[in-house]
file work-v2.cif (mmCIF, C-alpha atoms)
data_upload
loop_
_atom_site.group_PDB
_atom_site.id
_atom_site.type_symbol
_atom_site.label_atom_id
_atom_site.label_comp_id
_atom_site.auth_asym_id
_atom_site.auth_seq_id
_atom_site.Cartn_x
_atom_site.Cartn_y
_atom_site.Cartn_z
ATOM 1 C CA MET A 1 -5.651 -13.483 37.718
ATOM 2 C CA ASN A 2 -7.186 -13.961 34.273
ATOM 3 C CA LEU A 3 -6.895 -10.226 33.621
ATOM 4 C CA GLU A 4 -3.207 -10.236 34.549
ATOM 5 C CA ILE A 5 -2.528 -13.092 32.133
ATOM 6 C CA GLU A 6 -4.445 -11.250 29.427
ATOM 7 C CA ILE A 7 -2.395 -8.080 30.019
ATOM 8 C CA VAL A 8 0.868 -10.027 29.726
ATOM 9 C CA LYS A 9 -0.367 -11.595 26.466
ATOM 10 C CA ARG A 10 -1.203 -8.180 25.045
ATOM 11 C CA LEU A 11 2.166 -6.678 25.967
ATOM 12 C CA LEU A 12 4.109 -9.642 24.548
ATOM 13 C CA MET A 13 2.019 -9.597 21.373
ATOM 14 C CA ALA A 14 2.671 -5.868 20.954
ATOM 15 C CA ALA A 15 6.423 -6.326 21.428
ATOM 16 C CA PHE A 16 6.445 -9.151 18.855
ATOM 17 C CA LEU A 17 4.395 -7.317 16.214
ATOM 18 C CA GLY A 18 6.341 -4.085 16.673
ATOM 19 C CA GLY A 19 9.587 -6.023 16.405
ATOM 20 C CA LEU A 20 8.480 -7.565 13.109
ATOM 21 C CA ILE A 21 7.933 -4.162 11.558
ATOM 22 C CA GLY A 22 11.125 -2.779 13.095
ATOM 23 C CA ALA A 23 13.176 -5.694 11.786
ATOM 24 C CA GLU A 24 12.429 -4.607 8.226
ATOM 25 C CA ARG A 25 13.561 -1.042 8.973
ATOM 26 C CA GLY A 26 16.660 -2.321 10.757
ATOM 27 C CA ARG A 27 17.516 -4.515 7.774
ATOM 28 C CA ARG A 28 17.728 -1.349 5.689
ATOM 29 C CA ASN A 29 19.900 0.422 8.297
ATOM 30 C CA ARG A 30 17.282 3.083 9.032
ATOM 31 C CA GLY A 31 17.244 5.461 11.970
ATOM 32 C CA ALA A 32 14.660 3.473 13.928
ATOM 33 C CA GLY A 33 14.957 -0.303 13.872
ATOM 34 C CA LEU A 34 13.771 -3.365 15.749
ATOM 35 C CA ARG A 35 14.200 -2.039 19.300
ATOM 36 C CA THR A 36 12.624 1.351 18.642
ATOM 37 C CA HIS A 37 9.547 -0.116 16.967
ATOM 38 C CA ALA A 38 9.171 -2.811 19.631
ATOM 39 C CA VAL A 39 9.414 -0.238 22.422
ATOM 40 C CA VAL A 40 6.904 2.120 20.779
ATOM 41 C CA CYS A 41 4.441 -0.707 20.142
ATOM 42 C CA THR A 42 4.748 -2.131 23.660
ATOM 43 C CA ALA A 43 4.475 1.289 25.288
ATOM 44 C CA SER A 44 1.393 2.107 23.208
ATOM 45 C CA ALA A 45 -0.216 -1.154 24.283
ATOM 46 C CA LEU A 46 0.670 -0.391 27.900
ATOM 47 C CA ILE A 47 -0.910 3.065 27.708
ATOM 48 C CA MET A 48 -4.046 1.575 26.177
ATOM 49 C CA ILE A 49 -4.232 -1.026 28.953
ATOM 50 C CA VAL A 50 -3.713 1.608 31.658
ATOM 51 C CA SER A 51 -6.341 3.783 30.024
ATOM 52 C CA ALA A 52 -8.832 0.910 29.936
ATOM 53 C CA TYR A 53 -8.171 -0.710 33.312
ATOM 54 C CA GLY A 54 -6.082 1.668 35.416
ATOM 55 C CA GLY A 55 -8.860 3.999 36.523
ATOM 56 C CA PHE A 56 -11.170 1.110 37.322
ATOM 57 C CA SER A 57 -8.603 -0.542 39.577
ATOM 58 C CA MET A 58 -7.840 2.702 41.415
ATOM 59 C CA MET A 59 -11.510 3.223 42.205
ATOM 60 C CA GLY A 60 -11.694 -0.202 43.794
ATOM 61 C CA GLY A 61 -14.085 -1.639 41.249
ATOM 62 C CA THR A 62 -16.875 0.888 41.865
ATOM 63 C CA ASP A 63 -19.309 1.690 39.110
ATOM 64 C CA VAL A 64 -17.348 4.547 37.543
ATOM 65 C CA HIS A 65 -17.203 5.068 33.775
ATOM 66 C CA PHE A 66 -13.982 6.013 31.989
ATOM 67 C CA ASP A 67 -13.176 6.908 28.384
ATOM 68 C CA PRO A 68 -10.256 4.645 27.351
ATOM 69 C CA THR A 69 -9.750 6.575 24.107
ATOM 70 C CA ARG A 70 -8.517 9.759 25.795
ATOM 71 C CA MET A 71 -5.004 8.497 26.559
ATOM 72 C CA ALA A 72 -4.883 6.689 23.221
ATOM 73 C CA ALA A 73 -5.531 9.977 21.436
ATOM 74 C CA GLN A 74 -2.535 11.505 23.188
ATOM 75 C CA VAL A 75 -0.325 8.658 21.937
ATOM 76 C CA ILE A 76 -1.308 9.336 18.326
ATOM 77 C CA SER A 77 -0.447 13.026 18.581
ATOM 78 C CA GLY A 78 2.550 12.634 20.879
ATOM 79 C CA ILE A 79 4.298 10.035 18.743
ATOM 80 C CA GLY A 80 4.656 12.719 16.095
ATOM 81 C CA PHE A 81 7.463 14.304 18.096
ATOM 82 C CA LEU A 82 9.405 11.049 17.984
ATOM 83 C CA GLY A 83 8.797 10.763 14.252
ATOM 84 C CA ALA A 84 9.986 14.328 13.688
ATOM 85 C CA GLY A 85 13.266 13.476 15.404
ATOM 86 C CA ILE A 86 13.821 10.562 13.032
ATOM 87 C CA ILE A 87 13.338 12.612 9.863
ATOM 88 C CA ILE A 88 16.557 14.083 8.483
ATOM 89 C CA PHE A 89 16.742 16.979 6.026
ATOM 90 C CA ARG A 90 20.170 17.128 4.431
ATOM 91 C CA LYS A 91 21.423 18.476 1.141
ATOM 92 C CA ASN A 92 17.915 19.269 -0.094
ATOM 93 C CA GLN A 93 16.785 15.712 0.618
ATOM 94 C CA VAL A 94 14.347 14.333 3.164
ATOM 95 C CA ARG A 95 15.402 11.001 4.650
ATOM 96 C CA ASN A 96 13.791 8.504 7.051
ATOM 97 C CA LEU A 97 10.294 9.781 6.260
ATOM 98 C CA THR A 98 9.023 6.228 5.742
ATOM 99 C CA THR A 99 10.647 5.113 8.995
ATOM 100 C CA ALA A 100 8.953 7.970 10.859
ATOM 101 C CA ALA A 101 5.631 6.915 9.337
ATOM 102 C CA SER A 102 6.239 3.298 10.376
ATOM 103 C CA VAL A 103 6.904 4.397 13.974
ATOM 104 C CA TRP A 104 3.602 6.286 13.962
ATOM 105 C CA ALA A 105 1.824 3.272 12.434
ATOM 106 C CA VAL A 106 3.343 0.833 14.927
ATOM 107 C CA ALA A 107 1.905 2.979 17.725
ATOM 108 C CA GLY A 108 -1.497 2.227 16.225
ATOM 109 C CA VAL A 109 -0.681 -1.485 16.241
ATOM 110 C CA GLY A 110 0.254 -1.210 19.911
ATOM 111 C CA LEU A 111 -2.995 0.563 20.786
ATOM 112 C CA SER A 112 -4.959 -2.077 18.898
ATOM 113 C CA THR A 113 -3.129 -4.868 20.699
ATOM 114 C CA GLY A 114 -3.597 -3.158 24.058
ATOM 115 C CA ALA A 115 -7.312 -3.027 23.354
ATOM 116 C CA GLY A 116 -7.322 -6.792 22.798
ATOM 117 C CA LEU A 117 -7.978 -6.612 19.042
ATOM 118 C CA TYR A 118 -5.507 -9.385 18.188
ATOM 119 C CA PHE A 119 -6.818 -10.186 14.724
ATOM 120 C CA THR A 120 -6.829 -6.516 13.722
ATOM 121 C CA SER A 121 -3.285 -6.060 15.047
ATOM 122 C CA ILE A 122 -1.940 -9.094 13.177
ATOM 123 C CA VAL A 123 -3.577 -8.105 9.887
ATOM 124 C CA ALA A 124 -2.299 -4.525 10.238
ATOM 125 C CA THR A 125 1.232 -5.821 10.932
ATOM 126 C CA ILE A 126 1.153 -8.044 7.842
ATOM 127 C CA ILE A 127 -0.051 -5.174 5.671
ATOM 128 C CA LEU A 128 2.612 -2.819 7.052
ATOM 129 C CA CYS A 129 5.375 -5.391 6.495
ATOM 130 C CA VAL A 130 4.224 -5.893 2.892
ATOM 131 C CA ILE A 131 4.140 -2.143 2.281
ATOM 132 C CA LEU A 132 7.588 -1.548 3.791
ATOM 133 C CA SER A 133 9.402 -4.508 2.241
ATOM 134 C CA LEU A 134 7.703 -5.265 -1.079
ATOM 135 C CA LEU A 135 6.427 -1.944 -2.390
ATOM 136 C CA LYS A 136 9.786 -0.127 -2.414
ATOM 137 C CA PRO A 137 11.126 -1.998 -5.491
ATOM 138 C CA LEU A 138 7.851 -1.277 -7.283
ATOM 139 C CA GLU A 139 7.976 2.385 -6.278
ATOM 140 C CA MET A 140 11.554 2.699 -7.539
ATOM 141 C CA LYS A 141 10.570 1.241 -10.918
ATOM 142 C CA LEU A 142 7.520 3.490 -11.268
ATOM 143 C CA PHE A 143 9.108 6.699 -9.932
ATOM 144 C CA PRO A 144 12.914 6.430 -10.281
ATOM 145 C CA GLU A 145 13.273 10.207 -10.446
ATOM 146 C CA ARG A 146 12.159 10.505 -6.811
ATOM 147 C CA HIS A 147 15.122 8.497 -5.490
ATOM 148 C CA ILE A 148 17.999 10.963 -5.377
ATOM 149 C CA ASN A 149 21.451 9.871 -4.230
ATOM 150 C CA ASN A 150 24.822 11.554 -3.898
ATOM 151 C CA LEU A 151 28.099 10.334 -5.344
ATOM 152 C CA LYS A 152 31.524 11.691 -4.441
ATOM 153 C CA ILE A 153 34.306 10.631 -6.812
ATOM 154 C CA GLU A 154 37.969 11.353 -6.159
ATOM 155 C CA LEU A 155 40.120 11.626 -9.267
ATOM 156 C CA SER A 156 43.881 11.290 -9.535
ATOM 157 C CA ASN A 157 43.995 12.758 -13.047
ATOM 158 C CA GLY A 158 42.112 15.938 -12.200
ATOM 159 C CA LEU A 159 39.973 17.525 -14.879
ATOM 160 C CA ASP A 160 41.094 14.995 -17.473
ATOM 161 C CA GLY A 161 38.933 12.346 -15.830
ATOM 162 C CA VAL A 162 35.866 14.527 -15.408
ATOM 163 C CA LYS A 163 34.723 14.130 -19.022
ATOM 164 C CA ALA A 164 35.068 10.357 -18.861
ATOM 165 C CA VAL A 165 33.010 10.214 -15.668
ATOM 166 C CA ALA A 166 30.403 12.597 -17.114
ATOM 167 C CA ASP A 167 30.056 10.371 -20.195
ATOM 168 C CA LYS A 168 29.684 7.318 -17.969
ATOM 169 C CA LEU A 169 26.921 9.066 -16.024
ATOM 170 C CA LYS A 170 25.147 10.034 -19.219
ATOM 171 C CA ASN A 171 25.230 6.461 -20.541
ATOM 172 C CA SER A 172 24.180 4.920 -17.218
ATOM 173 C CA GLY A 173 20.557 6.005 -17.532
ATOM 174 C CA LEU A 174 20.617 8.067 -14.333
ATOM 175 C CA LYS A 175 19.135 11.540 -14.299
ATOM 176 C CA THR A 176 21.926 13.916 -13.281
ATOM 177 C CA ILE A 177 20.526 16.752 -11.174
ATOM 178 C CA ALA A 178 23.743 18.500 -10.124
ATOM 179 C CA LEU A 179 27.421 18.024 -10.876
ATOM 180 C CA THR A 180 30.148 19.923 -9.026
ATOM 181 C CA VAL A 181 33.886 19.796 -9.714
ATOM 182 C CA LYS A 182 36.543 20.766 -7.151
ATOM 183 C CA HIS A 183 40.044 21.213 -8.509
ATOM 184 C CA SER A 184 43.017 23.135 -7.150
ATOM 185 C CA GLN A 185 45.216 24.973 -9.618
ATOM 186 C CA GLY A 186 48.459 23.116 -10.218
ATOM 187 C CA GLU A 187 47.294 19.904 -8.568
ATOM 188 C CA LYS A 188 46.515 16.697 -10.422
ATOM 189 C CA THR A 189 43.901 15.455 -7.973
ATOM 190 C CA GLY A 190 40.274 16.505 -8.136
ATOM 191 C CA GLU A 191 36.877 15.756 -6.685
ATOM 192 C CA LEU A 192 33.578 15.277 -8.454
ATOM 193 C CA ARG A 193 30.279 15.497 -6.596
ATOM 194 C CA VAL A 194 27.197 14.211 -8.370
ATOM 195 C CA GLN A 195 23.533 14.326 -7.376
ATOM 196 C CA ALA A 196 21.520 11.941 -9.509
ATOM 197 C CA ALA A 197 18.176 10.145 -9.503
ATOM 198 C CA GLY A 198 17.482 6.558 -10.523
ATOM 199 C CA GLN A 199 17.057 2.995 -9.369
ATOM 200 C CA GLU A 200 19.465 1.641 -6.770
ATOM 201 C CA ASP A 201 20.696 -1.219 -8.970
ATOM 202 C CA VAL A 202 21.736 1.342 -11.605
ATOM 203 C CA PHE A 203 23.843 3.145 -8.995
ATOM 204 C CA VAL A 204 25.436 -0.156 -7.974
ATOM 205 C CA LYS A 205 26.334 -0.948 -11.601
ATOM 206 C CA LEU A 206 27.744 2.562 -12.071
ATOM 207 C CA ILE A 207 29.948 2.219 -8.981
ATOM 208 C CA GLU A 208 31.310 -1.089 -10.258
ATOM 209 C CA ASP A 209 32.179 0.526 -13.594
ATOM 210 C CA LEU A 210 33.776 3.552 -11.938
ATOM 211 C CA GLN A 211 35.964 1.349 -9.755
ATOM 212 C CA HIS A 212 37.625 -0.063 -12.883
ATOM 213 C CA MET A 213 38.112 3.251 -14.658
ATOM 214 C CA PRO A 214 41.623 4.755 -14.766
ATOM 215 C CA GLY A 215 42.125 7.844 -12.653
ATOM 216 C CA ILE A 216 39.420 6.978 -10.118
ATOM 217 C CA GLU A 217 40.829 6.835 -6.603
ATOM 218 C CA GLU A 218 37.690 6.455 -4.498
ATOM 219 C CA VAL A 219 33.909 6.468 -4.838
ATOM 220 C CA GLU A 220 31.569 7.370 -1.974
ATOM 221 C CA PHE A 221 27.879 6.488 -2.261
ATOM 222 C CA ASP A 222 25.220 6.959 0.415
ATOM 223 C CA GLY A 223 27.831 7.169 3.171
ATOM 224 C CA HIS A 224 29.746 4.061 2.015
ATOM 225 C CA ILE A 225 33.252 4.318 0.581
ATOM 226 C CA TYR A 226 34.285 2.004 -2.237
ATOM 227 C CA GLY A 227 37.929 1.505 -3.131
ATOM 228 C CA VAL A 228 39.304 1.011 -6.596
ATOM 229 C CA HIS A 229 39.629 -2.445 -8.125
ATOM 230 C CA LYS A 230 43.078 -2.794 -9.617
ATOM 231 C CA ASP A 231 43.192 -5.181 -12.552
ATOM 232 C CA GLU A 232 45.867 -7.831 -12.251
ATOM 233 C CA SER A 233 48.334 -7.716 -15.138
#

call {"tool": "encode", "arguments": {"input": "work-v2.cif", "output": "structure tokens"}}
result
Amino acid sequence: MNLEIEIVKRLLMAAFLGGLIGAERGRRNRGAGLRTHAVVCTASALIMIVSAYGGFSMMGGTDVHFDPTRMAAQVISGIGFLGAGIIIFRKNQVRNLTTAASVWAVAGVGLSTGAGLYFTSIVATIILCVILSLLKPLEMKLFPERHINNLKIELSNGLDGVKAVADKLKNSGLKTIALTVKHSQGEKTGELRVQAAGQEDVFVKLIEDLQHMPGIEEVEFDGHIYGVHKDES
């Protein structure tokens, strides 16, 4: 009976710790959030428990020795397939790499919890939460050129507005990597696609400025569409 209570404690602890890490990913709208991390962590703990106690119970308590690390090793390698499915490569950019790494790490937390190493599991969860939530702003300040985002700007004044937008980009402090203009002959409308690197708050400020510029119909950033703010006269 004591073993059954201990197993329940380990599974609940794994679900809680995995959910903590997943909540941070879910808050950032990543591919794998609270439920995915909680499931991976709980399942890893379950596999560790089965590996440690399952064989013993099947043999009826006889003096047979098992290696509980064998199934755990398969979790570490097998979870890589799940992580690979989370990673997205699109428009020369790799996305969700950190989320895939967190899923792999949370499997380790689950194995640790399943082995009954509560203190180790809690400390690892705290460290992972700090890395995922607090180090990103620092990373963006130290390496802004690594954070590439795409902007799509629809213009109602065609090529006339391209220069104004290009000047705004130049003065924003962002590093423009690619700039593509789509414009049909004889039409006034146009489309400007920009690939630039910089801190997220700089992009937010740029979008706010673009929304008040004449000739801008719509701005799309990171999958979100922002309408134009019309000044009241």

call {"tool": "closest_residue", "arguments": {"input": "work-v2.cif", "among": "A:Ser156, A:Thr120, A:Thr98, A:Ser112", "to": "A:Ser133", "atoms": "all atoms listed in the file"}}
result
A:Thr98

call {"tool": "closest_residue", "arguments": {"input": "work-v2.cif", "among": "A:Ile79, A:Ile5, A:Leu17, A:Leu97", "to": "A:Leu34", "atoms": "all atoms listed in the file"}}
result
A:Leu17

call {"tool": "residues_around", "arguments": {"input": "work-v2.cif", "residues": "A:Arg35", "least_positions_apart": "3", "cutoff": "8 Å", "atoms": "only C-alpha atoms", "output": "CSV table (one decimal) with C-alpha atoms, in the coordinates of the input"}}
result
chain,number,residue,atom,x,y,z
A,19,GLY,CA,9.6,-6.0,16.4
A,22,GLY,CA,11.1,-2.8,13.1
A,32,ALA,CA,14.7,3.5,13.9
A,38,ALA,CA,9.2,-2.8,19.6
A,39,VAL,CA,9.4,-0.2,22.4

call {"tool": "closest_residue", "arguments": {"input": "work-v2.cif", "among": "A:Glu4, A:Leu111, A:Arg25, A:Gly85", "to": "A:Met48", "atoms": "all atoms listed in the file"}}
result
A:Leu111

call {"tool": "residues_around", "arguments": {"input": "work-v2.cif", "residues": "A:Ala43", "least_positions_apart": "4", "cutoff": "10 Å", "atoms": "only C-alpha atoms", "output": "CSV table (one decimal) with C-alpha atoms, in the coordinates of the input"}}
result
chain,number,residue,atom,x,y,z
A,11,LEU,CA,2.2,-6.7,26.0
A,14,ALA,CA,2.7,-5.9,21.0
A,15,ALA,CA,6.4,-6.3,21.4
A,37,HIS,CA,9.5,-0.1,17.0
A,38,ALA,CA,9.2,-2.8,19.6
A,39,VAL,CA,9.4,-0.2,22.4
A,47,ILE,CA,-0.9,3.1,27.7
A,48,MET,CA,-4.0,1.6,26.2
A,49,ILE,CA,-4.2,-1.0,29.0
A,75,VAL,CA,-0.3,8.7,21.9
A,107,ALA,CA,1.9,3.0,17.7
A,110,GLY,CA,0.3,-1.2,19.9
A,111,LEU,CA,-3.0,0.6,20.8
A,114,GLY,CA,-3.6,-3.2,24.1

call {"tool": "closest_residue", "arguments": {"input": "work-v2.cif", "among": "A:Phe203, A:Glu154, A:Val50, A:Asp167", "to": "A:Glu191", "atoms": "all atoms listed in the file"}}
result
A:Glu154

call {"tool": "atom_distance", "arguments": {"input": "work-v2.cif", "atom1": "atom CA of A:Phe119", "atom2": "atom CA of A:Thr36"}}
result
22.9 Å

call {"tool": "residues_around", "arguments": {"input": "work-v2.cif", "residues": "A:Asn150", "least_positions_apart": "3", "cutoff": "7 Å", "atoms": "all atoms listed in the file", "output": "PyMOL selection string"}}
result
chain A and resi 194-196+221-222

call {"tool": "residues_around", "arguments": {"input": "work-v2.cif", "residues": "A:Leu151", "least_positions_apart": "5", "cutoff": "12 Å", "atoms": "all atoms listed in the file", "output": "PyMOL selection string"}}
result
chain A and resi 165+169+174+176-181+191-197+203-204+206-207+210+218-226

call {"tool": "atom_distance", "arguments": {"input": "work-v2.cif", "atom1": "atom CA of A:Ser44", "atom2": "atom CA of A:Gly108"}}
result
7.6 Å

call {"tool": "atom_distance", "arguments": {"input": "work-v2.cif", "atom1": "atom CA of A:Ile76", "atom2": "atom CA of A:Ser121"}}
result
15.9 Å

call {"tool": "closest_residue", "arguments": {"input": "work-v2.cif", "among": "A:Ala164, A:Leu20, A:Leu155, A:Leu138", "to": "A:Glu217", "atoms": "all atoms listed in the file"}}
result
A:Leu155

call {"tool": "closest_residue", "arguments": {"input": "work-v2.cif", "among": "A:Met13, A:Leu46, A:Leu128, A:Val202", "to": "A:Val106", "atoms": "all atoms listed in the file"}}
result
A:Leu128

call {"tool": "residues_around", "arguments": {"input": "work-v2.cif", "residues": "A:Glu6", "least_positions_apart": "4", "cutoff": "12 Å", "atoms": "only C-alpha atoms", "output": "VMD selection string"}}
result
chain A and resid 1 to 2 10 to 13 49 53 113 to 118
